[in-house]
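coords-v6.tsv follows (TSV, C-alpha atoms and all ligand atoms):
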chain	number	residue	atom	x	y	z
A	1	MET	CA	45.19	6.74	14.86
A	2	ARG	CA	48.89	6.02	14.94
A	3	SER	CA	50.47	5.17	11.65
A	4	SER	CA	51.43	1.51	11.59
A	5	SER	CA	54.68	2.32	9.80
A	6	HIS	CA	56.00	3.68	13.09
A	7	VAL	CA	55.64	0.33	14.77
A	8	LEU	CA	58.41	-2.24	14.82
A	9	PRO	CA	56.72	-5.59	15.21
A	10	LEU	CA	58.72	-8.46	16.55
A	11	GLY	CA	59.41	-11.23	14.15
A	12	VAL	CA	60.25	-8.87	11.35
A	13	LEU	CA	63.21	-7.55	13.27
A	14	THR	CA	65.38	-9.24	15.81
A	15	ALA	CA	65.23	-7.33	19.01
A	16	LEU	CA	67.32	-7.96	22.07
A	17	LEU	CA	66.54	-8.16	25.72
A	18	LEU	CA	68.53	-5.97	28.03
A	19	SER	CA	70.01	-9.03	29.71
A	20	GLN	CA	71.15	-10.30	26.34
A	21	VAL	CA	73.05	-7.12	25.73
A	22	CYS	CA	75.35	-7.33	28.72
A	23	SER	CA	75.91	-11.06	28.31
A	24	GLY	CA	76.52	-10.46	24.60
A	25	ILE	CA	79.55	-8.24	25.28
A	26	LYS	CA	81.03	-10.20	28.15
A	27	TRP	CA	83.41	-12.04	25.82
A	28	LEU	CA	85.26	-8.73	25.37
A	29	ALA	CA	87.12	-9.71	28.56
A	30	LEU	CA	89.10	-12.02	26.26
A	31	SER	CA	91.16	-8.95	25.35
A	32	HIS	CA	92.90	-9.63	28.67
A	33	ALA	CA	94.04	-13.10	27.63
A	34	PRO	CA	97.80	-13.41	28.13
A	35	ALA	CA	99.53	-12.32	24.94
A	36	SER	CA	101.94	-15.24	25.18
A	37	LEU	CA	99.16	-17.83	25.27
A	38	HIS	CA	99.08	-19.98	22.17
A	39	ILE	CA	95.85	-21.92	22.28
A	40	ASN	CA	96.47	-25.38	20.94
A	41	GLN	CA	95.30	-27.60	23.79
A	42	THR	CA	91.85	-27.90	25.33
A	43	GLN	CA	93.25	-27.13	28.80
A	44	HIS	CA	94.10	-23.66	27.54
A	45	CYS	CA	90.38	-22.81	27.41
A	46	LYS	CA	90.36	-22.71	31.21
A	47	LEU	CA	92.96	-19.94	31.14
A	48	LEU	CA	90.74	-17.60	29.14
A	49	PRO	CA	88.85	-14.90	31.05
A	50	GLY	CA	85.19	-13.94	30.75
A	51	MET	CA	83.71	-17.03	29.14
A	52	VAL	CA	80.52	-18.81	30.16
A	53	SER	CA	80.42	-22.61	30.15
A	54	SER	CA	78.93	-22.89	26.67
A	55	GLN	CA	81.68	-20.65	25.32
A	56	ALA	CA	84.34	-22.77	27.03
A	57	GLN	CA	82.73	-25.75	25.29
A	58	LEU	CA	82.96	-23.94	21.96
A	59	CYS	CA	86.58	-23.16	22.76
A	60	ARG	CA	87.39	-26.84	23.32
A	61	SER	CA	85.75	-27.88	20.06
A	62	ASN	CA	87.08	-24.94	18.01
A	63	LEU	CA	90.59	-24.39	19.34
A	64	GLU	CA	91.82	-23.02	16.06
A	65	LEU	CA	89.23	-20.24	16.12
A	66	MET	CA	90.12	-18.90	19.57
A	67	GLN	CA	93.18	-16.91	18.56
A	68	THR	CA	91.00	-15.06	16.05
A	69	ILE	CA	88.27	-14.41	18.64
A	70	ILE	CA	90.80	-13.06	21.15
A	71	GLN	CA	92.16	-10.82	18.41
A	72	ALA	CA	88.58	-9.63	17.74
A	73	ALA	CA	88.10	-8.71	21.43
A	74	ARG	CA	91.27	-6.59	21.34
A	75	GLU	CA	90.12	-5.06	18.06
A	76	VAL	CA	86.73	-4.02	19.52
A	77	LYS	CA	88.40	-2.20	22.40
A	78	LYS	CA	90.94	-0.43	20.21
A	79	THR	CA	88.43	0.53	17.53
A	80	CYS	CA	85.80	1.78	19.97
A	81	GLN	CA	88.30	3.98	21.81
A	82	LYS	CA	89.76	5.35	18.57
A	83	THR	CA	86.33	6.07	17.13
A	84	PHE	CA	85.24	7.94	20.25
A	85	ALA	CA	88.53	9.67	21.09
A	86	ASP	CA	86.97	13.03	20.19
A	87	MET	CA	83.79	12.54	22.21
A	88	ARG	CA	82.92	13.11	25.86
A	89	TRP	CA	82.03	9.44	26.25
A	90	ASN	CA	85.29	7.86	25.12
A	91	CYS	CA	84.52	4.17	25.49
A	92	SER	CA	86.79	3.73	28.50
A	93	SER	CA	84.34	1.35	30.22
A	94	ILE	CA	84.73	-1.22	27.46
A	95	ASP	CA	87.84	-2.48	29.20
A	96	ILE	CA	86.01	-5.38	30.79
A	97	PRO	CA	88.10	-7.30	33.30
A	98	GLY	CA	87.65	-11.04	33.19
A	99	ASP	CA	87.94	-11.91	36.87
A	100	ALA	CA	85.69	-9.34	38.54
A	101	PRO	CA	83.20	-8.04	36.02
A	102	LYS	CA	82.06	-4.81	37.54
A	103	TYR	CA	78.78	-3.13	36.89
A	104	ARG	CA	79.10	-0.64	34.05
A	105	PRO	CA	76.02	1.55	34.08
A	106	ASP	CA	76.77	3.08	30.70
A	107	LEU	CA	76.81	-0.32	29.01
A	108	ASP	CA	74.50	-2.44	31.14
A	109	ARG	CA	71.44	-0.35	30.40
A	110	GLY	CA	69.56	0.22	27.17
A	111	THR	CA	71.57	3.30	26.26
A	112	ARG	CA	72.81	4.36	22.86
A	113	GLU	CA	76.36	3.68	24.07
A	114	ALA	CA	75.39	0.07	24.83
A	115	ALA	CA	73.73	-0.17	21.41
A	116	PHE	CA	76.95	1.01	19.76
A	117	VAL	CA	79.25	-1.31	21.70
A	118	TYR	CA	76.99	-4.29	21.16
A	119	ALA	CA	76.72	-3.65	17.41
A	120	LEU	CA	80.47	-3.05	17.08
A	121	SER	CA	81.32	-6.21	19.05
A	122	ALA	CA	78.97	-8.37	17.03
A	123	ALA	CA	80.22	-6.92	13.75
A	124	THR	CA	83.88	-7.22	14.75
A	125	ILE	CA	83.84	-10.89	15.74
A	126	SER	CA	82.26	-11.88	12.40
A	127	HIS	CA	84.49	-9.48	10.48
A	128	THR	CA	87.67	-10.82	12.07
A	129	ILE	CA	86.69	-14.45	11.43
A	130	ALA	CA	85.71	-13.71	7.81
A	131	ARG	CA	89.06	-12.01	7.22
A	132	ALA	CA	90.95	-14.87	8.89
A	133	CYS	CA	89.31	-17.25	6.39
A	134	THR	CA	90.56	-15.10	3.52
A	135	SER	CA	94.09	-14.79	4.81
A	136	GLY	CA	94.38	-18.53	5.34
A	137	ASP	CA	94.76	-18.31	9.13
A	138	LEU	CA	91.94	-20.80	9.62
A	139	ARG	CA	91.98	-24.25	8.13
A	140	LEU	CA	88.22	-24.71	8.62
A	141	CYS	CA	87.16	-22.14	6.08
A	142	THR	CA	88.27	-20.69	2.79
A	143	CYS	CA	87.25	-17.83	0.51
A	144	GLY	CA	83.58	-16.90	0.24
A	145	PRO	CA	81.52	-18.23	-2.70
A	146	ILE	CA	81.65	-16.63	-6.14
A	147	PRO	CA	78.47	-14.56	-6.56
A	148	ALA	CA	75.92	-15.62	-9.17
A	149	GLN	CA	75.60	-12.05	-10.40
A	150	ILE	CA	76.77	-11.50	-14.01
A	151	LEU	CA	79.33	-8.74	-14.34
A	152	GLU	CA	79.75	-6.15	-17.07
A	153	PRO	CA	82.16	-6.90	-19.94
A	154	GLY	CA	85.75	-6.36	-18.84
A	155	TYR	CA	85.00	-7.50	-15.30
A	156	ARG	CA	85.13	-11.02	-13.94
A	157	TRP	CA	84.88	-12.65	-10.56
A	158	GLY	CA	88.16	-13.79	-9.11
A	159	GLY	CA	90.37	-13.29	-6.12
A	160	CYS	CA	89.28	-14.38	-2.66
A	161	ALA	CA	85.99	-13.10	-1.29
A	162	ASP	CA	85.69	-12.46	2.43
A	163	ASN	CA	83.73	-15.36	3.90
A	164	LEU	CA	81.03	-13.34	5.65
A	165	HIS	CA	78.72	-16.35	5.82
A	166	TYR	CA	81.18	-18.37	7.90
A	167	GLY	CA	82.08	-15.28	9.94
A	168	LEU	CA	78.45	-14.64	10.84
A	169	ILE	CA	77.75	-18.26	11.76
A	170	MET	CA	80.81	-18.76	13.97
A	171	GLY	CA	80.82	-15.20	15.35
A	172	SER	CA	77.19	-15.41	16.47
A	173	LYS	CA	77.64	-18.91	17.77
A	174	PHE	CA	80.31	-17.64	20.13
A	175	SER	CA	79.11	-14.17	21.11
A	176	ASP	CA	75.44	-15.19	21.43
A	177	ALA	CA	76.20	-18.33	23.43
A	178	PRO	CA	75.45	-16.77	26.87
A	179	MET	CA	72.06	-15.55	25.62
A	180	LYS	CA	70.97	-19.09	24.84
A	181	MET	CA	71.46	-20.09	28.46
A	182	LYS	CA	68.38	-20.19	30.65
A	183	ARG	CA	69.34	-17.52	33.12
A	184	ALA	CA	70.86	-15.01	30.77
A	185	GLY	CA	70.07	-12.19	33.16
A	186	SER	CA	72.56	-13.46	35.70
A	187	HIS	CA	75.42	-12.29	33.48
A	188	CYS	CA	74.66	-8.67	34.14
A	189	GLN	CA	76.61	-7.98	37.28
A	190	GLN	CA	74.32	-6.14	39.66
A	191	THR	CA	75.68	-4.45	42.72
A	192	ASP	CA	72.73	-3.43	44.82
A	193	ALA	CA	69.06	-4.11	45.35
A	194	SER	CA	67.87	-1.05	43.48
A	195	THR	CA	69.71	-1.96	40.31
A	196	GLN	CA	68.42	-5.50	40.66
A	197	GLN	CA	64.93	-4.11	40.96
A	198	ARG	CA	65.49	-1.97	37.89
A	199	SER	CA	66.87	-4.95	36.05
A	200	ARG	CA	63.76	-6.98	36.81
A	201	GLU	CA	61.55	-4.19	35.57
A	202	THR	CA	63.43	-3.72	32.36
A	203	SER	CA	64.39	-7.30	31.67
A	204	LYS	CA	61.21	-7.80	29.72
A	205	GLN	CA	61.90	-4.73	27.68
A	206	LEU	CA	63.44	-4.88	24.29
A	207	VAL	CA	66.48	-2.75	24.05
A	208	PHE	CA	67.48	-2.47	20.46
A	209	LEU	CA	67.62	-4.15	17.17
A	210	ASP	CA	70.21	-6.70	16.39
A	211	ALA	CA	71.85	-4.73	13.64
A	212	LYS	CA	74.95	-6.86	13.08
A	213	VAL	CA	73.82	-8.80	10.02
A	214	GLN	CA	72.58	-5.64	8.37
A	215	VAL	CA	75.69	-3.68	9.30
A	216	LEU	CA	78.00	-6.28	7.78
A	217	ARG	CA	75.91	-6.78	4.64
A	218	GLU	CA	76.28	-3.05	4.02
A	219	ALA	CA	80.02	-3.37	4.57
A	220	LEU	CA	80.42	-6.07	1.93
A	221	VAL	CA	81.55	-4.14	-1.12
A	222	MET	CA	82.89	-5.02	-4.52
A	223	LYS	CA	86.65	-4.70	-4.79
A	224	CYS	CA	88.49	-5.01	-8.07
A	225	LYS	CA	92.04	-5.31	-9.33
A	226	CYS	CA	93.34	-4.25	-12.72
A	227	HIS	CA	95.01	-6.59	-15.18
A	228	GLY	CA	96.27	-6.15	-18.70
A	229	VAL	CA	99.46	-5.14	-20.48
A	230	SER	CA	101.40	-2.43	-18.67
A	231	GLY	CA	98.58	-1.42	-16.39
A	232	SER	CA	96.03	-0.94	-19.18
A	233	CYS	CA	93.30	-2.33	-16.95
A	234	SER	CA	91.62	-4.07	-19.89
A	235	ILE	CA	90.31	-6.71	-17.51
A	236	ARG	CA	89.41	-6.43	-13.88
A	237	THR	CA	89.00	-9.26	-11.42
A	238	CYS	CA	86.56	-8.52	-8.64
A	239	TRP	CA	85.49	-10.05	-5.37
A	240	ARG	CA	83.22	-9.17	-2.47
A	241	GLY	CA	85.36	-7.81	0.33
A	242	LEU	CA	84.51	-6.31	3.68
A	243	GLN	CA	85.30	-2.69	4.37
A	244	ASP	CA	87.89	-2.07	7.04
A	245	LEU	CA	86.69	-2.21	10.61
A	246	ARG	CA	87.53	1.44	11.10
A	247	GLU	CA	85.09	2.41	8.33
A	248	ILE	CA	82.40	0.13	9.76
A	249	ALA	CA	82.93	1.74	13.16
A	250	MET	CA	82.60	5.22	11.65
A	251	ASP	CA	79.31	4.19	10.02
A	252	LEU	CA	78.12	2.86	13.36
A	253	LYS	CA	79.15	6.12	15.02
A	254	THR	CA	76.93	7.98	12.54
A	255	LYS	CA	74.10	5.63	13.47
A	256	TYR	CA	74.90	6.22	17.16
A	257	LEU	CA	74.63	9.98	16.67
A	258	SER	CA	71.26	9.65	14.94
A	259	ALA	CA	69.93	6.80	17.10
A	260	THR	CA	66.21	6.87	17.84
A	261	LYS	CA	64.73	6.69	21.31
A	262	VAL	CA	62.01	4.09	21.49
A	263	VAL	CA	59.56	2.97	24.11
A	264	HIS	CA	58.26	-0.48	24.79
A	265	ARG	CA	54.55	-0.69	24.22
A	266	PRO	CA	52.79	-3.96	24.85
A	267	THR	CA	49.63	-4.06	22.78
A	268	GLY	CA	47.59	-7.12	23.62
A	269	THR	CA	49.85	-10.12	23.26
A	270	ARG	CA	52.23	-8.41	20.88
A	271	LYS	CA	55.35	-6.59	21.98
A	272	GLN	CA	56.27	-3.52	20.07
A	273	LEU	CA	58.95	-0.92	20.02
A	274	VAL	CA	57.73	2.46	18.93
A	275	PRO	CA	59.69	5.67	18.54
A	276	LYS	CA	59.10	7.86	21.56
A	277	ASP	CA	58.62	10.88	19.37
A	278	ILE	CA	55.88	9.74	17.06
A	279	ASP	CA	56.36	12.50	14.50
A	280	ILE	CA	59.74	11.33	13.33
A	281	ARG	CA	60.14	9.11	10.32
A	282	PRO	CA	59.89	5.34	10.82
A	283	VAL	CA	62.88	3.48	12.20
A	284	ARG	CA	64.67	1.40	9.63
A	285	GLU	CA	66.12	-2.04	10.17
A	286	ASN	CA	69.75	-0.92	10.07
A	287	GLU	CA	69.45	1.85	12.62
A	288	LEU	CA	70.34	1.91	16.27
A	289	VAL	CA	67.60	2.50	18.79
A	290	TYR	CA	67.78	2.90	22.55
A	291	LEU	CA	65.44	2.94	25.52
A	292	GLN	CA	67.29	4.98	28.12
A	293	SER	CA	68.74	8.43	27.68
A	294	SER	CA	72.38	8.93	28.58
A	295	PRO	CA	73.80	11.66	30.79
A	296	ASP	CA	75.74	14.44	29.04
A	297	PHE	CA	79.01	12.83	30.32
A	298	CYS	CA	80.28	16.26	31.43
A	299	THR	CA	80.76	15.49	35.09
A	300	ARG	CA	81.52	12.38	37.05
A	301	ASN	CA	78.46	10.33	37.95
A	302	ASP	CA	79.25	6.75	38.88
A	303	LYS	CA	75.60	5.70	39.04
A	304	GLN	CA	75.05	6.73	35.45
A	305	GLY	CA	78.42	5.49	34.24
A	306	SER	CA	79.91	8.89	33.46
A	307	ILE	CA	83.56	9.57	34.26
A	308	GLY	CA	83.32	13.20	33.18
A	309	THR	CA	85.68	15.13	30.96
A	310	GLN	CA	88.02	16.62	33.53
A	311	ASP	CA	91.65	16.33	32.39
A	312	ARG	CA	90.63	15.38	28.86
A	313	GLN	CA	92.42	17.09	25.99
A	314	CYS	CA	90.42	19.42	23.80
A	315	ASN	CA	91.21	21.09	20.50
A	316	LYS	CA	91.12	24.88	20.55
A	317	THR	CA	90.73	25.24	16.79
A	318	SER	CA	88.23	22.46	16.25
A	319	VAL	CA	84.53	23.18	15.79
A	320	GLY	CA	83.52	19.57	16.37
A	321	SER	CA	82.83	17.46	19.43
A	322	ASP	CA	86.49	17.72	20.52
A	323	SER	CA	86.36	21.53	20.58
A	324	CYS	CA	87.17	23.00	23.97
A	325	ASP	CA	83.67	24.43	24.38
A	326	LEU	CA	81.94	21.10	23.86
A	327	MET	CA	84.53	18.83	25.48
A	328	CYS	CA	84.83	20.99	28.59
A	329	CYS	CA	81.09	21.71	28.77
A	330	GLY	CA	81.64	25.46	29.05
A	331	ARG	CA	83.63	25.11	32.30
A	332	GLY	CA	86.73	26.69	30.78
A	333	TYR	CA	90.07	25.06	30.09
A	334	ASN	CA	93.79	25.50	30.56
A	335	PRO	CA	95.62	26.15	27.32
A	336	TYR	CA	99.19	25.04	26.97
A	337	THR	CA	101.67	25.00	24.15
A	338	GLU	CA	104.00	22.16	23.59
A	339	LYS	CA	107.26	22.46	21.71
A	340	LEU	CA	108.15	19.27	19.91
A	341	VAL	CA	111.71	18.80	18.75
A	342	GLU	CA	112.10	16.33	15.95
A	343	ARG	CA	115.31	15.00	14.49
A	344	CYS	CA	115.79	15.56	10.80
A	345	HIS	CA	118.49	15.78	8.12
A	346	CYS	CA	120.27	12.86	9.71
A	347	LYS	CA	123.68	12.01	8.32
A	348	TYR	CA	125.64	8.83	8.73
A	349	HIS	CA	129.33	9.28	9.41
A	350	TRP	CA	131.93	6.62	8.76
A	351	CYS	CA	132.34	4.96	11.21
A	352	CYS	CA	129.97	4.71	13.15
A	353	TYR	CA	127.74	7.52	14.27
A	354	VAL	CA	124.79	9.61	13.07
A	355	THR	CA	124.27	13.36	13.42
A	356	CYS	CA	120.92	15.08	13.04
A	357	LYS	CA	119.59	18.60	13.07
A	358	ASN	CA	116.75	19.30	15.42
A	359	ASP	CA	113.68	20.68	13.68
A	360	GLY	CA	112.85	24.30	14.53
A	361	GLN	CA	116.44	25.39	15.02
A	401	LIG	C1	101.44	-25.52	21.28
A	401	LIG	O1	102.08	-24.30	20.90
A	401	LIG	C2	103.34	-24.10	21.54
A	401	LIG	C3	103.83	-22.72	21.18
A	401	LIG	O2	103.73	-22.47	19.80
A	401	LIG	C4	104.29	-25.22	21.11
A	401	LIG	O3	105.55	-25.07	21.75
A	401	LIG	C5	103.69	-26.58	21.49
A	401	LIG	O4	104.50	-27.62	21.01
A	401	LIG	C6	102.30	-26.71	20.90
A	401	LIG	N1	101.67	-27.93	21.44
A	401	LIG	C7	100.96	-28.76	20.69
A	401	LIG	C8	100.35	-29.92	21.39
A	401	LIG	O5	100.81	-28.59	19.50
A	402	LIG	C1	88.86	8.65	28.50
A	402	LIG	O1	88.69	9.77	29.32
A	402	LIG	C2	89.24	9.66	30.62
A	402	LIG	C3	88.95	10.94	31.39
A	402	LIG	O2	87.67	11.39	31.23
A	402	LIG	C4	90.70	9.39	30.56
A	402	LIG	O3	91.21	9.18	31.86
A	402	LIG	C5	90.98	8.17	29.70
A	402	LIG	O4	92.37	8.01	29.52
A	402	LIG	C6	90.32	8.30	28.34
A	402	LIG	N1	90.46	7.04	27.63
A	402	LIG	C7	90.91	6.97	26.39
A	402	LIG	C8	91.03	5.61	25.82
A	402	LIG	O5	91.21	7.94	25.73
A	403	LIG	C1	92.43	20.45	15.91
A	403	LIG	O1	91.39	20.78	15.01
A	403	LIG	C2	91.82	21.28	13.77
A	403	LIG	C3	90.58	21.73	12.99
A	403	LIG	O2	89.63	20.69	12.94
A	403	LIG	C4	92.62	20.19	13.05
A	403	LIG	O3	93.08	20.67	11.81
A	403	LIG	C5	93.81	19.79	13.91
A	403	LIG	O4	94.52	18.72	13.32
A	403	LIG	C6	93.34	19.36	15.30
A	403	LIG	N1	94.47	19.14	16.16
A	403	LIG	C7	94.65	18.01	16.86
A	403	LIG	C8	95.85	17.96	17.72
A	403	LIG	O5	93.86	17.10	16.80

Structure re-expressed in structure tokens:
Amino acid sequence: MRSSSHVLPLGVLTALLLSQVCSGIKWLALSHAPASLHINQTQHCKLLPGMVSSQAQLCRSNLELMQTIIQAAREVKKTCQKTFADMRWNCSSIDIPGDAPKYRPDLDRGTREAAFVYALSAATISHTIARACTSGDLRLCTCGPIPAQILEPGYRWGGCADNLHYGLIMGSKFSDAPMKMKRAGSHCQQTDASTQQRSRETSKQLVFLDAKVQVLREALVMKCKCHGVSGSCSIRTCWRGLQDLREIAMDLKTKYLSATKVVHRPTGTRKQLVPKDIDIRPVRENELVYLQSSPDFCTRNDKQGSIGTQDRQCNKTSVGSDSCDLMCCGRGYNPYTEKLVERCHCKYHWCCYVTCKNDGQ
């Protein structure tokens, strides 16, 4: 008999449908909003790319929030690409155009890459809103509540806590809006009959756990500041603050690397996700799981969403994923040396010019 601890019953965990995943990241097209656009009139909502009607409605009733959400979309793209700069899959497909959303096979299937991007997007929108509350950019929210927990002597609550509660409510309201529409599946752009067929087959399948709440709870840490005469630190004021997005993304990357492959197993009327390899330890709530294996991303394969690693830079001395062996998949590589000349020892001469030595001379 199979151990029940390997089974992830619905209801305990929030699982997502495949169709919800691609509609849940569509708002990332907002990163293409014109930089000069200052959203202070409801007509401006029409100028924003990639939104479904319920999101446009949210835009009209929450104008003040939109600048923060656009900033979050840009942040997701930047953070994802930075976090994966040393990997074969480098998050290039996250650049979702607003006008013609094209089919992105690496993100529109239940892959571990999709699981990462979805979790990062969901975490980022709530994180950015929570931080905007703290910094006073939003008039609708303020600092988070003071925790009920009693602190040790010498410590007291103070400062301004990041308002994760408000961030989660407003972030989910916006990014989950397309999923609440009846035909959520229509937001996954499908290009041909075979992918449509595949989509129908898998649309009933659960792709992965909605890890965002868990991910952000873990990222809420106690931060303290010293007070007292001449830095004696006799009293500390503390608040609950979110870790930086970069750290959250690195944690998610670790989860990505150890993600568990699961299969969908309907048992009677219940739907269950079970790890494919039954011998491994049970999947925990804060882990990433995926249904479809990814290609190795070594060579170009448009159907599978791989652009390959040709022309990528590798690091000859690294032993990690950016090493030349791993990045170039054993195909060999062209070494080159680059001589950088930097200006240094600059001197200002009266009047008015500057002379510098060039480094390395
Ligand atoms: C909207 O913002 C722009 C740019 O900051 C400003 O010039 C304009 O007066 C604002 N309009 C309203 C209605 O507040
Ligand atoms: C990702 O890799 C491709 C080549 O495989 C390259 O063209 C692109 O510039 C890279 N993107 C980033 C953000 O590094
Ligand atoms: C290459 O890898 C080495 C060893 O990990 C590291 O010290 C160095 O900074 C890397 N170089 C670049 C250009 O990333």

Enumerate as a PyMOL selection string the residues within 7 Å of ligand LIG 403 (chain A), counting all atoms listed in the file. chain A and resi 315-319

Can you pull out every residue with an atom within 9 Å of ligand LIG 401 (chain A)? Use only C-alpha atoms and all ligand atoms and format it as a ChimeraX atom specification. /A:36-41

Applying 10 Å and only C-alpha atoms, which residues near Ile69 (chain A) remain after dropping the ones on its own chain fewer than 3 positions away? List them as a PyMOL selection string. chain A and resi 27-28+30-31+59+64-66+72-75+124-126+128-129+170-171+174-175

Name the closest residue to Val117 (chain A) among the candidates A:Val289, A:Cys346, A:Ala33, A:Ile25; distances are taken between atoms, counting only C-alpha atoms.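 Ranked by minimum distance to Val117 (chain A), first place goes to A:Ile25.
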
Report, in Å with one decimal, the straight-line distance from CA of Cys328 (chain A) to CA of Ala119 (chain A).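 Atom-to-atom, CA of Cys328 (chain A) to CA of Ala119 (chain A), that is 28.2 Å.
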
Within 12 Å of (91.9, -21.9, 32.2) in the file's own coordinates, which protein, DNA or RNA residues have an atom, counting only C-alpha atoms? List them as a PDB file with C-alpha atoms, in the coordinates of the input.
ATOM      1  CA  LEU A  30      89.100 -12.020  26.260  1.00  0.00           C
ATOM      2  CA  ALA A  33      94.040 -13.100  27.630  1.00  0.00           C
ATOM      3  CA  PRO A  34      97.800 -13.410  28.130  1.00  0.00           C
ATOM      4  CA  LEU A  37      99.160 -17.830  25.270  1.00  0.00           C
ATOM      5  CA  ILE A  39      95.850 -21.920  22.280  1.00  0.00           C
ATOM      6  CA  GLN A  41      95.300 -27.600  23.790  1.00  0.00           C
ATOM      7  CA  THR A  42      91.850 -27.900  25.330  1.00  0.00           C
ATOM      8  CA  GLN A  43      93.250 -27.130  28.800  1.00  0.00           C
ATOM      9  CA  HIS A  44      94.100 -23.660  27.540  1.00  0.00           C
ATOM     10  CA  CYS A  45      90.380 -22.810  27.410  1.00  0.00           C
ATOM     11  CA  LYS A  46      90.360 -22.710  31.210  1.00  0.00           C
ATOM     12  CA  LEU A  47      92.960 -19.940  31.140  1.00  0.00           C
ATOM     13  CA  LEU A  48      90.740 -17.600  29.140  1.00  0.00           C
ATOM     14  CA  PRO A  49      88.850 -14.900  31.050  1.00  0.00           C
ATOM     15  CA  GLY A  50      85.190 -13.940  30.750  1.00  0.00           C
ATOM     16  CA  MET A  51      83.710 -17.030  29.140  1.00  0.00           C
ATOM     17  CA  VAL A  52      80.520 -18.810  30.160  1.00  0.00           C
ATOM     18  CA  SER A  53      80.420 -22.610  30.150  1.00  0.00           C
ATOM     19  CA  ALA A  56      84.340 -22.770  27.030  1.00  0.00           C
ATOM     20  CA  CYS A  59      86.580 -23.160  22.760  1.00  0.00           C
ATOM     21  CA  ARG A  60      87.390 -26.840  23.320  1.00  0.00           C
ATOM     22  CA  GLY A  98      87.650 -11.040  33.190  1.00  0.00           C
ATOM     23  CA  ASP A  99      87.940 -11.910  36.870  1.00  0.00           C
TER      24      ASP A  99
END

Rounded to one decimal, what separation in Å do you get between CA of Gln313 (chain A) and CA of Tyr290 (chain A)?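 Between these atoms lies a distance of 28.6 Å.
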
Nearest-residue call for ligand LIG 402 (chain A), choices A:Ala114, A:Leu58, A:Val215, A:Met327, using all atoms listed in the file: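 Nearest candidate to ligand LIG 402 (chain A) out of A:Ala114, A:Leu58, A:Val215, A:Met327: A:Met327.
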
With 12 Å as the cut-off and all atoms listed in the file counted, what is the closest atom pair between each nearby residue of chain A and ligand LIG 402 (chain A)? Distances in Å to one decimal, ordered by chain and number, as CSV.
residue,atom,partner,partner_atom,distance
A:Lys77,CA,A:LIG402,C8,8.9
A:Lys78,CA,A:LIG402,C8,8.2
A:Thr79,CA,A:LIG402,C8,10.1
A:Cys80,CA,A:LIG402,C8,8.7
A:Gln81,CA,A:LIG402,C8,5.1
A:Lys82,CA,A:LIG402,C8,7.4
A:Thr83,CA,A:LIG402,C8,9.9
A:Phe84,CA,A:LIG402,O5,8.1
A:Ala85,CA,A:LIG402,O5,5.6
A:Asp86,CA,A:LIG402,O5,8.6
A:Met87,CA,A:LIG402,C1,9.0
A:Arg88,CA,A:LIG402,O2,7.4
A:Trp89,CA,A:LIG402,C1,7.2
A:Asn90,CA,A:LIG402,C1,5.0
A:Cys91,CA,A:LIG402,C8,6.7
A:Ser92,CA,A:LIG402,N1,5.0
A:Ser93,CA,A:LIG402,N1,8.7
A:Ile94,CA,A:LIG402,C8,9.4
A:Asp95,CA,A:LIG402,C8,9.3
A:Phe297,CA,A:LIG402,O2,8.8
A:Cys298,CA,A:LIG402,O2,8.9
A:Thr299,CA,A:LIG402,O2,8.9
A:Arg300,CA,A:LIG402,O2,8.5
A:Asn301,CA,A:LIG402,O2,11.5
A:Gly305,CA,A:LIG402,O2,11.4
A:Ser306,CA,A:LIG402,O2,8.5
A:Ile307,CA,A:LIG402,O2,5.4
A:Gly308,CA,A:LIG402,O2,5.1
A:Thr309,CA,A:LIG402,O2,4.2
A:Gln310,CA,A:LIG402,O2,5.7
A:Asp311,CA,A:LIG402,C3,6.1
A:Arg312,CA,A:LIG402,C3,5.4
A:Gln313,CA,A:LIG402,O1,8.9
A:Cys314,CA,A:LIG402,O1,11.3
A:Met327,CA,A:LIG402,O2,9.9
A:Cys328,CA,A:LIG402,O2,10.4

Among A:Ile248, A:Ala122, A:Gly330, A:Leu107, Ile169 (chain A) is approached most closely, using all atoms listed in the file, by A:Ala122
